[in-house]
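Written below as structure tokens is the structure these notes are about.
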Amino acid sequence: MGETLSFVSFVTKEKASPTHKKEKLMNMTDWTLEPRMREFELGDYLGAAPRWCPSCGNHTVLKCLQKLCKDLNLPPEKTVVVSGIGCSSRLPHHMGTYGFHSLHGRSLPVACGIRARRPDLSIFVVTGDGDCCAIGAGHWLHALRYNMKMTVMLLDNNIYGLTKKQTSPTTPAHTKTNTHPNGAPLDPVNPLATAISMTNASFVAQCVDWLPEHLYNTLLRAQQHPGLAFIRIRQRCPHFMKGHLDAFMNDPNKIQILTDPRGVLPGSLTQTYGTVEHDPTSYDDAMKHARQTDPIPLGLLYLNESALRYDEFTQKGIVTSEEEKLAAIEAELNKFAIL
Amino acid sequence: MQIHQHIIEFVSDAGEGAQTAGQCLGTVSAKMGNGIWTVEIIPAEVEPPRRSRAGASGNRVRIGSKKITNAGDQADLVVAFNEQVLYSRFDVGAMRDGTIILLDDKWASVDDENIRKEFADAVADFKNRKADIRFVPFESETKKHIKDPRHGKNIWALGLVCAIYDRDLKLAEIEITKKFAKKSQEIVDTNLKLLHAGYDWAMQNTDLRFSIPAEPSDVPKIVVNGNIALALGIMAAGIEVCSMYPITPATSISHYLAEAFPRMGCVVHQAEDEISAIGFAIGASFAGKTPVTITSGPGLALKNEFLALAIMAELPLVVVIVQRGGPSTGLPTRVEQGDLLSALYAQPGDAPKIVMAPSNHEECFHFIITARKLAETFRTPVIVLSDANLATGQQPIPRPNPKTTWFAPPIDQSDWDESVPPFDWDPQTGLSQRPIPGQKNGNYVVTGLAHDQNGRVAYESSINEHAMQARSRKLATLQHALKPPVIHGDPEGGDLLVIGWGSPRGAIEEAVDTLRAQGISVSSVTLKFLSPFEPNLKEIFSKFKHLLCVEINYSDPASFGDARRYSQLCTVLRAHTLCDIDCWSHVPGIPLTPKDIEAAILEHIDQKGIDKP
């Protein structure tokens, strides 16, 4: 996993970022000289050893998330990783934080429920292409609309892995699978375009698992976002989709970096890949990039920081005292009193 | 004429306010100290075509000198704004010989010849069926005070009924003011005028007079329907999150909560679907807040996968199910107790959880407070099974006195003792404490996969056996803490014990009282807990020669022999006690009446060859 560790100290190496971005980053990483009350190490975020296939993209995501938690010094007890069911959804077990490995397709309702009355927790959601775009599609769209603060990672390997190679909603047409031995009959769902088009979606980004520095930067950028950050991660499945992203890995022309001061820091990627300036607040431009499958656009496609947030609704009154509550219920009972 | 109880119905096309008139009469009577029970008469559609036979909308109000525990048998007096809606009341057996029907006769003189003929035919038909029909000019009298009598004749009719039953007009004025205050003072004034006009008309034009004197009581009371009682219970339990998806007949709980809950700093979440509603609740539970999710049978079907997760992950949760007619979409506005087996067994695998059933409005309130505490103590979902009969019927109950000890404690954020695993199952009780996010050193992963005491995924046979046992043991532990159920009638035993649960209790006990007064050796028992059962059932049952379950769900008649399917509670009790329990159950979509149950008991006694006095 050497590639995933090659960017360990990149935050300090970062040079090309605009000034206001740097300030935000510094605030988040707490560069004050005051010693922290508790300083966490990478080991604090390690859970049970992963049992994914060697060279599965999930390993990269796990490492990036652990490093992010460490760099942001997130208290493990204040961090919750929620998932559904599938290969990628095993991820919470491998974290040293609180975790919730829920049901197939149902990670988002659970995550929203956790957020409902707990503004103090950092919430990460891990979902897969079957989990998110098939069985959980209804929840996915509505969670985008609720726009409650959390980072949602769609680990999209274009196939059902855990159940052994069935067609997923993002499997390319004509791909031979165990449920479509003569080739998948339909064109795949476009998770980016779908997400952007959902009313009140506020943050839609794309990464690839073989560029961990960019993945890390995207997670970091998502942490600064006040609402729901949706990140689609194009991911290899060495077992069931052998080589299906090789062309994109091997040809730098097949990756395009979206740049903008409000976007994801491109880091060292600019040395290898072409860049294109993109205004993420433009819905039309975002949709244009979302529909583009070759080259793969990486970075923040869509941003709407003024989207309404449902957690502002659900968290009203969380500090109500017992006395206030008692007075309120008494007043309600009085409305029905007859004697 | 002085009477000790009467049943009054208001029926009309939807949108003519018969429900409002009935509710006001009920509240006014309760305030006068009478016992009341109301039942909504609801068509399946929001506004079905006018003058349609199945479109009856309205309210039944049973008023008595003493406490009233059910909707009673047949109506004594019916106010009807058209004759067609009466057909459905005859069809369900709501009318007796001599039921007084106050019917608007405007239909006899409308331009439409077909309507005139329908009216004449219906009146003749109803007279043949021995109804006592009296014509009242509801619309033409109302028209003297308001342009569109369709919105106003209900209050005029209320005034009329208040005169007939000697109701306190001042109290009616208060209810009307309350009801219309949100609209405008002008509307309040008009309706007050209509109330008095109806009252005055009755005083001058009819000699119908009934007096139902109330027995004085100094117990402070509230008048609520079962859904409001549940909602007040949710608030008094200190539950902060109600997560729901609209479904009849449960939704009105959330309507009221949506208004009142924010005043307690709490939130109603209307989810995108039933599944998400319980998922959101489970998330809130994991984060330390015991939530409630409310639904009906079809919603429960969708929630079962998540319910099993809450059981597996040992997350506290209160699930309110207001049952309606099934299967499938069934009878959405009508009563049935068809979801008992589904609540007990519909989840994948062995999924032990607590199931309770309130049998009246007071229990609707207090069971929620108990349910939240049980959910937290036993670290499991608790299902509270109500039904459409309790949901919409109004009843006076002693006013609860909420205490802060009823509230959920604040989220525990103290450091977790690292040596205690997240599923530290007590070998005797199966109980354990759960860490809540924010508790340092408590970090664990909730999973629906089989897991060991540390919450780690485990496939070993012994661990699976151990975990299943721990979850099941919690129910045995709870049963040890429960009291045996109370017998209504003779706790020493007798010829027949009627066994019931939920809303039929009032009608069952009324039937038992009537028959006991005739010297028949019959008693009844209402089970409050359906999982686990209250203790000593077998011992209690052994004191009676015969056992009969009475409930509102389907069963085959005894003539089916070995192929017979028993009613739901009966099925479970037969397995649980190995007693030969019989059942009498029906699915009329309306509450069982005391008379129905009396007849069933008498028939049963005949069949079993028990001597009658």
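Ligands are numbered from 1 in the order shown, residues from 1 within each chain, and chains are lettered A, B, ... in the order they appear in the structure tokens.
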Just need the residues of chain A within 7 Å of chain B, counting only C-alpha atoms, so spit them out as a PDB file with N, CA, C and O atoms, in the first residue's frame.
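Result file follows (part13.pdb):
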ATOM      1  N   GLU A  77     -14.119   9.114  20.038  1.00  0.00           N
ATOM      2  CA  GLU A  77     -15.445   8.900  20.633  1.00  0.00           C
ATOM      3  C   GLU A  77     -16.472   9.891  20.102  1.00  0.00           C
ATOM      4  O   GLU A  77     -17.669   9.722  20.321  1.00  0.00           O
ATOM      5  N   LYS A  78     -16.001  10.912  19.385  1.00  0.00           N
ATOM      6  CA  LYS A  78     -16.929  11.897  18.809  1.00  0.00           C
ATOM      7  C   LYS A  78     -17.080  11.681  17.308  1.00  0.00           C
ATOM      8  O   LYS A  78     -17.607  12.537  16.598  1.00  0.00           O
ATOM      9  N   PRO A  92     -16.545   0.519   8.728  1.00  0.00           N
ATOM     10  CA  PRO A  92     -16.589   0.946  10.136  1.00  0.00           C
ATOM     11  C   PRO A  92     -15.883  -0.019  11.089  1.00  0.00           C
ATOM     12  O   PRO A  92     -15.318   0.408  12.094  1.00  0.00           O
ATOM     13  N   HIS A  93     -15.918  -1.319  10.753  1.00  0.00           N
ATOM     14  CA  HIS A  93     -15.261  -2.301  11.627  1.00  0.00           C
ATOM     15  C   HIS A  93     -13.752  -2.073  11.700  1.00  0.00           C
ATOM     16  O   HIS A  93     -13.106  -2.535  12.634  1.00  0.00           O
ATOM     17  N   GLY A  96     -11.241   2.834  14.511  1.00  0.00           N
ATOM     18  CA  GLY A  96     -11.225   2.807  15.978  1.00  0.00           C
ATOM     19  C   GLY A  96     -12.229   3.755  16.586  1.00  0.00           C
ATOM     20  O   GLY A  96     -12.156   4.074  17.776  1.00  0.00           O
ATOM     21  N   THR A  97     -13.146   4.230  15.792  1.00  0.00           N
ATOM     22  CA  THR A  97     -14.144   5.192  16.259  1.00  0.00           C
ATOM     23  C   THR A  97     -15.434   4.444  16.599  1.00  0.00           C
ATOM     24  O   THR A  97     -15.473   3.223  16.563  1.00  0.00           O
ATOM     25  N   TYR A  98     -16.499   5.176  16.909  1.00  0.00           N
ATOM     26  CA  TYR A  98     -17.817   4.549  16.948  1.00  0.00           C
ATOM     27  C   TYR A  98     -18.217   4.214  15.516  1.00  0.00           C
ATOM     28  O   TYR A  98     -17.832   4.933  14.568  1.00  0.00           O
ATOM     29  N   GLY A  99     -18.968   3.144  15.373  1.00  0.00           N
ATOM     30  CA  GLY A  99     -19.363   2.748  14.021  1.00  0.00           C
ATOM     31  C   GLY A  99     -20.754   2.160  13.998  1.00  0.00           C
ATOM     32  O   GLY A  99     -21.260   1.691  15.016  1.00  0.00           O
ATOM     33  N   PHE A 100     -21.371   2.228  12.845  1.00  0.00           N
ATOM     34  CA  PHE A 100     -22.707   1.657  12.693  1.00  0.00           C
ATOM     35  C   PHE A 100     -22.785   0.984  11.334  1.00  0.00           C
ATOM     36  O   PHE A 100     -22.898   1.634  10.308  1.00  0.00           O
ATOM     37  N   HIS A 101     -22.674  -0.331  11.347  1.00  0.00           N
ATOM     38  CA  HIS A 101     -22.756  -1.149  10.127  1.00  0.00           C
ATOM     39  C   HIS A 101     -24.219  -1.554  10.012  1.00  0.00           C
ATOM     40  O   HIS A 101     -24.665  -2.484  10.663  1.00  0.00           O
ATOM     41  N   SER A 102     -24.986  -0.802   9.216  1.00  0.00           N
ATOM     42  CA  SER A 102     -26.449  -0.950   9.278  1.00  0.00           C
ATOM     43  C   SER A 102     -26.976  -1.973   8.278  1.00  0.00           C
ATOM     44  O   SER A 102     -26.422  -3.063   8.169  1.00  0.00           O
ATOM     45  N   ARG A 106     -29.376   1.298   3.752  1.00  0.00           N
ATOM     46  CA  ARG A 106     -30.019   2.131   4.775  1.00  0.00           C
ATOM     47  C   ARG A 106     -29.049   2.964   5.611  1.00  0.00           C
ATOM     48  O   ARG A 106     -29.423   3.424   6.688  1.00  0.00           O
ATOM     49  N   PRO A 109     -30.458   6.972   6.232  1.00  0.00           N
ATOM     50  CA  PRO A 109     -31.431   7.278   7.288  1.00  0.00           C
ATOM     51  C   PRO A 109     -30.813   7.183   8.681  1.00  0.00           C
ATOM     52  O   PRO A 109     -31.100   8.022   9.552  1.00  0.00           O
ATOM     53  N   VAL A 110     -29.964   6.179   8.895  1.00  0.00           N
ATOM     54  CA  VAL A 110     -29.328   6.026  10.204  1.00  0.00           C
ATOM     55  C   VAL A 110     -28.424   7.232  10.490  1.00  0.00           C
ATOM     56  O   VAL A 110     -28.482   7.826  11.570  1.00  0.00           O
ATOM     57  N   ALA A 111     -27.620   7.589   9.501  1.00  0.00           N
ATOM     58  CA  ALA A 111     -26.698   8.718   9.691  1.00  0.00           C
ATOM     59  C   ALA A 111     -27.471  10.011   9.960  1.00  0.00           C
ATOM     60  O   ALA A 111     -27.097  10.812  10.826  1.00  0.00           O
ATOM     61  N   CYS A 112     -28.573  10.207   9.247  1.00  0.00           N
ATOM     62  CA  CYS A 112     -29.386  11.416   9.468  1.00  0.00           C
ATOM     63  C   CYS A 112     -29.973  11.403  10.872  1.00  0.00           C
ATOM     64  O   CYS A 112     -30.049  12.445  11.535  1.00  0.00           O
ATOM     65  N   GLY A 113     -30.394  10.227  11.331  1.00  0.00           N
ATOM     66  CA  GLY A 113     -30.939  10.105  12.682  1.00  0.00           C
ATOM     67  C   GLY A 113     -29.883  10.400  13.743  1.00  0.00           C
ATOM     68  O   GLY A 113     -30.171  11.000  14.773  1.00  0.00           O
ATOM     69  N   ILE A 114     -28.658   9.973  13.478  1.00  0.00           N
ATOM     70  CA  ILE A 114     -27.567  10.256  14.429  1.00  0.00           C
ATOM     71  C   ILE A 114     -27.333  11.770  14.481  1.00  0.00           C
ATOM     72  O   ILE A 114     -27.194  12.361  15.549  1.00  0.00           O
ATOM     73  N   ALA A 116     -29.451  14.056  13.859  1.00  0.00           N
ATOM     74  CA  ALA A 116     -30.653  14.813  14.228  1.00  0.00           C
ATOM     75  C   ALA A 116     -30.479  15.641  15.495  1.00  0.00           C
ATOM     76  O   ALA A 116     -30.870  16.798  15.529  1.00  0.00           O
ATOM     77  N   HIS A 139     -33.368   6.706  -0.329  1.00  0.00           N
ATOM     78  CA  HIS A 139     -32.755   7.382   0.825  1.00  0.00           C
ATOM     79  C   HIS A 139     -31.644   8.329   0.377  1.00  0.00           C
ATOM     80  O   HIS A 139     -31.444   9.392   0.949  1.00  0.00           O
ATOM     81  N   HIS A 142     -33.065  11.604  -0.912  1.00  0.00           N
ATOM     82  CA  HIS A 142     -33.646  12.424   0.149  1.00  0.00           C
ATOM     83  C   HIS A 142     -32.592  12.901   1.139  1.00  0.00           C
ATOM     84  O   HIS A 142     -32.709  13.999   1.677  1.00  0.00           O
ATOM     85  N   THR A 314     -33.936  19.973  12.874  1.00  0.00           N
ATOM     86  CA  THR A 314     -34.051  18.873  13.856  1.00  0.00           C
ATOM     87  C   THR A 314     -33.362  19.198  15.180  1.00  0.00           C
ATOM     88  O   THR A 314     -33.671  18.599  16.194  1.00  0.00           O
ATOM     89  N   LYS A 316     -33.340  22.072  16.738  1.00  0.00           N
ATOM     90  CA  LYS A 316     -33.969  23.138  17.527  1.00  0.00           C
ATOM     91  C   LYS A 316     -34.379  22.601  18.895  1.00  0.00           C
ATOM     92  O   LYS A 316     -34.979  21.542  18.991  1.00  0.00           O
ATOM     93  N   GLY A 317     -34.049  23.344  19.922  1.00  0.00           N
ATOM     94  CA  GLY A 317     -34.546  22.978  21.261  1.00  0.00           C
ATOM     95  C   GLY A 317     -33.750  21.917  21.978  1.00  0.00           C
ATOM     96  O   GLY A 317     -34.194  21.430  23.024  1.00  0.00           O
ATOM     97  N   ILE A 318     -32.558  21.548  21.472  1.00  0.00           N
ATOM     98  CA  ILE A 318     -31.837  20.464  22.156  1.00  0.00           C
ATOM     99  C   ILE A 318     -31.375  20.858  23.554  1.00  0.00           C
ATOM    100  O   ILE A 318     -31.032  19.997  24.334  1.00  0.00           O
ATOM    101  N   THR A 320     -33.286  22.432  25.766  1.00  0.00           N
ATOM    102  CA  THR A 320     -34.447  22.676  26.628  1.00  0.00           C
ATOM    103  C   THR A 320     -34.273  21.966  27.986  1.00  0.00           C
ATOM    104  O   THR A 320     -33.943  20.790  28.027  1.00  0.00           O
ATOM    105  N   GLU A 322     -35.297  20.422  31.792  1.00  0.00           N
ATOM    106  CA  GLU A 322     -36.383  19.565  32.274  1.00  0.00           C
ATOM    107  C   GLU A 322     -37.542  20.403  32.797  1.00  0.00           C
ATOM    108  O   GLU A 322     -38.701  20.037  32.623  1.00  0.00           O
ATOM    109  N   LYS A 325     -39.481  21.667  29.936  1.00  0.00           N
ATOM    110  CA  LYS A 325     -40.258  20.568  29.343  1.00  0.00           C
ATOM    111  C   LYS A 325     -41.485  20.261  30.182  1.00  0.00           C
ATOM    112  O   LYS A 325     -42.576  20.046  29.647  1.00  0.00           O
ATOM    113  N   LEU A 326     -41.291  20.239  31.480  1.00  0.00           N
ATOM    114  CA  LEU A 326     -42.399  19.939  32.389  1.00  0.00           C
ATOM    115  C   LEU A 326     -43.490  21.003  32.251  1.00  0.00           C
ATOM    116  O   LEU A 326     -44.679  20.688  32.181  1.00  0.00           O
ATOM    117  N   ALA A 328     -44.072  22.773  29.654  1.00  0.00           N
ATOM    118  CA  ALA A 328     -44.707  22.630  28.335  1.00  0.00           C
ATOM    119  C   ALA A 328     -45.734  21.503  28.342  1.00  0.00           C
ATOM    120  O   ALA A 328     -46.841  21.666  27.813  1.00  0.00           O
ATOM    121  N   ILE A 329     -45.398  20.372  28.946  1.00  0.00           N
ATOM    122  CA  ILE A 329     -46.350  19.256  28.943  1.00  0.00           C
ATOM    123  C   ILE A 329     -47.554  19.585  29.831  1.00  0.00           C
ATOM    124  O   ILE A 329     -48.687  19.243  29.496  1.00  0.00           O
ATOM    125  N   PHE A 336     -56.542  20.090  27.352  1.00  0.00           N
ATOM    126  CA  PHE A 336     -57.555  19.041  27.271  1.00  0.00           C
ATOM    127  C   PHE A 336     -58.306  18.867  28.589  1.00  0.00           C
ATOM    128  O   PHE A 336     -59.098  17.954  28.735  1.00  0.00           O
ATOM    129  N   ALA A 337     -58.006  19.757  29.563  1.00  0.00           N
ATOM    130  CA  ALA A 337     -58.591  19.592  30.897  1.00  0.00           C
ATOM    131  C   ALA A 337     -60.075  19.905  30.870  1.00  0.00           C
ATOM    132  O   ALA A 337     -60.529  20.799  30.151  1.00  0.00           O
ATOM    133  N   ILE A 338     -60.864  19.161  31.640  1.00  0.00           N
ATOM    134  CA  ILE A 338     -62.297  19.440  31.702  1.00  0.00           C
ATOM    135  C   ILE A 338     -62.753  19.782  33.101  1.00  0.00           C
ATOM    136  O   ILE A 338     -63.844  20.274  33.279  1.00  0.00           O
ATOM    137  N   LEU A 339     -62.012  19.484  34.120  1.00  0.00           N
ATOM    138  CA  LEU A 339     -62.486  19.802  35.472  1.00  0.00           C
ATOM    139  C   LEU A 339     -61.413  20.549  36.240  1.00  0.00           C
ATOM    140  O   LEU A 339     -60.248  20.293  36.058  1.00  0.00           O
TER     141      LEU A 339
END
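Residues in contact with Thr333 of chain B at up to 8 Å, not including ones fewer than 4 positions away on its chain and judged by only C-alpha atoms, are Ile42, Pro43, Ala44, Thr248, Pro249, Arg324, Gly325 and Ala388 of chain B.
Across B:Val11, B:Leu192, B:Ala250, B:Val522, the tightest approach to Glu510 of chain B is made by B:Val522 when counting only C-alpha atoms.
Backbone DSSP assigns helix (DSSP H, G or I) in segment 177-209 of chain A to Pro191, Leu192, Ala193, Thr194, Ala195, Ile196 and Ser197 of chain A.
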Exercise for the section: Please give the complete set of residues from segment 83-212 of chain A that DSSP, run on the backbone, assigns to strand (DSSP E), formatted as a PyMOL selection string. Expected result: chain A and resi 83+98-101+122-128+150-156+203-208
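Near Thr593 of chain B, within 9 Å and counting only C-alpha atoms, sit B:Asn70, B:Ala71, B:Gly72, B:Asp73, B:Gln74, B:Pro504, B:Ala507, B:Ile508, B:Ala511, B:Ile597, B:Glu598; same-chain residues fewer than 4 positions away were not included.
Going from atom CA of Arg379 of chain B to atom CA of Ser472 of chain B covers 11.8 Å.
Excluding segment 340-354 of chain B itself and any same-chain residue fewer than 4 positions from it, the protein and nucleic acid residues within 7 Å of it, counting only C-alpha atoms, are Asn304, Glu305, Ala308, Ile311, Thr380, Pro381, Val382, Ile383, Arg471, Ser472, Ser531, Pro532 and Gln568 of chain B.
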Handout entry: Who sits within 12 Å of Arg574 of chain B, only C-alpha atoms, same chain under 3 positions skipped, as a ChimeraX atom specification
Key = /B:499,537-538,541,547-549,565-571,577-583
Can you spit out the residues from that selection as a PDB file, in the first residue's frame, using N, CA, C and O atoms?
ATOM      1  N   ILE B 499     -60.816 -14.056  27.269  1.00  0.00           N
ATOM      2  CA  ILE B 499     -59.467 -13.485  27.234  1.00  0.00           C
ATOM      3  C   ILE B 499     -59.391 -12.493  26.081  1.00  0.00           C
ATOM      4  O   ILE B 499     -59.746 -12.822  24.949  1.00  0.00           O
ATOM      5  N   LEU B 537     -50.195 -17.298  33.630  1.00  0.00           N
ATOM      6  CA  LEU B 537     -51.396 -17.434  32.790  1.00  0.00           C
ATOM      7  C   LEU B 537     -51.983 -18.839  32.899  1.00  0.00           C
ATOM      8  O   LEU B 537     -53.191 -19.020  33.034  1.00  0.00           O
ATOM      9  N   LYS B 538     -51.115 -19.823  32.846  1.00  0.00           N
ATOM     10  CA  LYS B 538     -51.614 -21.201  32.850  1.00  0.00           C
ATOM     11  C   LYS B 538     -52.360 -21.482  34.155  1.00  0.00           C
ATOM     12  O   LYS B 538     -53.429 -22.104  34.148  1.00  0.00           O
ATOM     13  N   PHE B 541     -55.682 -19.705  34.035  1.00  0.00           N
ATOM     14  CA  PHE B 541     -56.595 -20.368  33.099  1.00  0.00           C
ATOM     15  C   PHE B 541     -57.140 -21.672  33.705  1.00  0.00           C
ATOM     16  O   PHE B 541     -58.273 -22.070  33.442  1.00  0.00           O
ATOM     17  N   LEU B 547     -62.273 -21.562  28.178  1.00  0.00           N
ATOM     18  CA  LEU B 547     -61.498 -20.351  27.875  1.00  0.00           C
ATOM     19  C   LEU B 547     -61.869 -19.884  26.466  1.00  0.00           C
ATOM     20  O   LEU B 547     -61.961 -20.695  25.546  1.00  0.00           O
ATOM     21  N   LEU B 548     -62.083 -18.585  26.334  1.00  0.00           N
ATOM     22  CA  LEU B 548     -62.518 -18.062  25.026  1.00  0.00           C
ATOM     23  C   LEU B 548     -61.802 -16.744  24.739  1.00  0.00           C
ATOM     24  O   LEU B 548     -61.958 -15.765  25.466  1.00  0.00           O
ATOM     25  N   CYS B 549     -61.025 -16.724  23.674  1.00  0.00           N
ATOM     26  CA  CYS B 549     -60.388 -15.466  23.244  1.00  0.00           C
ATOM     27  C   CYS B 549     -61.389 -14.662  22.425  1.00  0.00           C
ATOM     28  O   CYS B 549     -62.025 -15.207  21.524  1.00  0.00           O
ATOM     29  N   ARG B 565     -58.234 -22.219  11.546  1.00  0.00           N
ATOM     30  CA  ARG B 565     -57.235 -21.218  11.935  1.00  0.00           C
ATOM     31  C   ARG B 565     -57.831 -20.406  13.075  1.00  0.00           C
ATOM     32  O   ARG B 565     -58.923 -19.873  12.947  1.00  0.00           O
ATOM     33  N   TYR B 566     -57.090 -20.332  14.156  1.00  0.00           N
ATOM     34  CA  TYR B 566     -57.580 -19.622  15.335  1.00  0.00           C
ATOM     35  C   TYR B 566     -57.249 -18.138  15.233  1.00  0.00           C
ATOM     36  O   TYR B 566     -56.398 -17.723  14.442  1.00  0.00           O
ATOM     37  N   SER B 567     -57.902 -17.348  16.062  1.00  0.00           N
ATOM     38  CA  SER B 567     -57.588 -15.914  16.108  1.00  0.00           C
ATOM     39  C   SER B 567     -56.157 -15.752  16.638  1.00  0.00           C
ATOM     40  O   SER B 567     -55.563 -16.702  17.152  1.00  0.00           O
ATOM     41  N   GLN B 568     -55.620 -14.544  16.518  1.00  0.00           N
ATOM     42  CA  GLN B 568     -54.174 -14.380  16.699  1.00  0.00           C
ATOM     43  C   GLN B 568     -53.708 -14.600  18.142  1.00  0.00           C
ATOM     44  O   GLN B 568     -52.764 -15.352  18.386  1.00  0.00           O
ATOM     45  N   LEU B 569     -54.351 -13.941  19.086  1.00  0.00           N
ATOM     46  CA  LEU B 569     -53.930 -14.143  20.476  1.00  0.00           C
ATOM     47  C   LEU B 569     -54.156 -15.605  20.871  1.00  0.00           C
ATOM     48  O   LEU B 569     -53.337 -16.202  21.572  1.00  0.00           O
ATOM     49  N   CYS B 570     -55.274 -16.151  20.395  1.00  0.00           N
ATOM     50  CA  CYS B 570     -55.623 -17.532  20.714  1.00  0.00           C
ATOM     51  C   CYS B 570     -54.517 -18.480  20.243  1.00  0.00           C
ATOM     52  O   CYS B 570     -54.079 -19.364  20.974  1.00  0.00           O
ATOM     53  N   THR B 571     -54.039 -18.266  19.019  1.00  0.00           N
ATOM     54  CA  THR B 571     -52.968 -19.101  18.460  1.00  0.00           C
ATOM     55  C   THR B 571     -51.756 -19.091  19.379  1.00  0.00           C
ATOM     56  O   THR B 571     -51.188 -20.128  19.700  1.00  0.00           O
ATOM     57  N   THR B 577     -49.543 -21.928  26.516  1.00  0.00           N
ATOM     58  CA  THR B 577     -50.062 -22.546  27.746  1.00  0.00           C
ATOM     59  C   THR B 577     -50.454 -24.011  27.559  1.00  0.00           C
ATOM     60  O   THR B 577     -50.685 -24.707  28.542  1.00  0.00           O
ATOM     61  N   LEU B 578     -50.547 -24.474  26.315  1.00  0.00           N
ATOM     62  CA  LEU B 578     -51.071 -25.804  26.007  1.00  0.00           C
ATOM     63  C   LEU B 578     -52.491 -25.993  26.538  1.00  0.00           C
ATOM     64  O   LEU B 578     -52.941 -27.108  26.735  1.00  0.00           O
ATOM     65  N   CYS B 579     -53.183 -24.876  26.810  1.00  0.00           N
ATOM     66  CA  CYS B 579     -54.593 -24.957  27.204  1.00  0.00           C
ATOM     67  C   CYS B 579     -55.452 -24.977  25.948  1.00  0.00           C
ATOM     68  O   CYS B 579     -55.100 -24.360  24.935  1.00  0.00           O
ATOM     69  N   ASP B 580     -56.599 -25.651  26.018  1.00  0.00           N
ATOM     70  CA  ASP B 580     -57.490 -25.742  24.861  1.00  0.00           C
ATOM     71  C   ASP B 580     -58.381 -24.500  24.818  1.00  0.00           C
ATOM     72  O   ASP B 580     -59.517 -24.512  25.274  1.00  0.00           O
ATOM     73  N   ILE B 581     -57.815 -23.428  24.296  1.00  0.00           N
ATOM     74  CA  ILE B 581     -58.523 -22.146  24.281  1.00  0.00           C
ATOM     75  C   ILE B 581     -59.298 -22.018  22.975  1.00  0.00           C
ATOM     76  O   ILE B 581     -58.738 -22.251  21.899  1.00  0.00           O
ATOM     77  N   ASP B 582     -60.543 -21.652  23.087  1.00  0.00           N
ATOM     78  CA  ASP B 582     -61.383 -21.442  21.902  1.00  0.00           C
ATOM     79  C   ASP B 582     -61.339 -19.952  21.542  1.00  0.00           C
ATOM     80  O   ASP B 582     -60.783 -19.138  22.290  1.00  0.00           O
ATOM     81  N   CYS B 583     -61.905 -19.613  20.410  1.00  0.00           N
ATOM     82  CA  CYS B 583     -61.904 -18.181  20.080  1.00  0.00           C
ATOM     83  C   CYS B 583     -63.207 -17.779  19.412  1.00  0.00           C
ATOM     84  O   CYS B 583     -63.865 -18.569  18.743  1.00  0.00           O
TER      85      CYS B 583
END
Exercise for the section: For Gly15 of chain B, please output as a PyMOL selection string all residues within 10 Å (counting only C-alpha atoms; exclusion window: fewer than 4 positions along the same chain). Expected result: chain B and resi 19-20+46-48+50+57-58+150-151
Practice task
Find, counting only C-alpha atoms, the residue in A:Ala327, A:Ile123, A:Leu103, A:Leu228 that gets nearest to Met312 of chain B.
Solution key: A:Leu103
Problem - Residue neighbourhood Asp129 of chain A, 7 Å, only C-alpha atoms, exclusion window fewer than 5 positions, as a PyMOL selection string - result: chain A and resi 154-158+168-170
Output the selection as a short mmCIF file (atom, residue, chain, number, x, y, z; two decimals), in the first residue's frame - N, CA and C atoms for each residue.
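For reference, result.cif as written:
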data_model
loop_
_atom_site.label_atom_id
_atom_site.label_comp_id
_atom_site.auth_asym_id
_atom_site.auth_seq_id
_atom_site.Cartn_x
_atom_site.Cartn_y
_atom_site.Cartn_z
N LEU A 154 -19.28 7.45 -1.67
CA LEU A 154 -19.82 6.37 -2.50
C LEU A 154 -18.63 5.64 -3.11
N LEU A 155 -18.37 4.44 -2.62
CA LEU A 155 -17.25 3.64 -3.12
C LEU A 155 -17.78 2.84 -4.31
N ASP A 156 -17.57 3.41 -5.49
CA ASP A 156 -18.23 2.92 -6.71
C ASP A 156 -17.26 2.06 -7.53
N ASN A 157 -17.41 0.74 -7.39
CA ASN A 157 -16.55 -0.16 -8.19
C ASN A 157 -17.32 -0.81 -9.33
N ASN A 158 -18.51 -0.31 -9.57
CA ASN A 158 -19.32 -0.71 -10.73
C ASN A 158 -19.75 -2.19 -10.72
N SER A 168 -24.46 -4.11 -11.10
CA SER A 168 -24.88 -3.02 -10.19
C SER A 168 -25.46 -1.90 -11.05
N PRO A 169 -26.08 -0.91 -10.41
CA PRO A 169 -26.66 0.18 -11.21
C PRO A 169 -25.60 0.96 -11.98
N THR A 170 -24.35 0.86 -11.58
CA THR A 170 -23.32 1.62 -12.31
C THR A 170 -22.46 0.72 -13.19
#
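Distances from A:Asp187, A:Asp209, A:Asp131, A:Glu41 to Thr60 of chain A were compared using only C-alpha atoms, and the smallest one belongs to A:Asp209.
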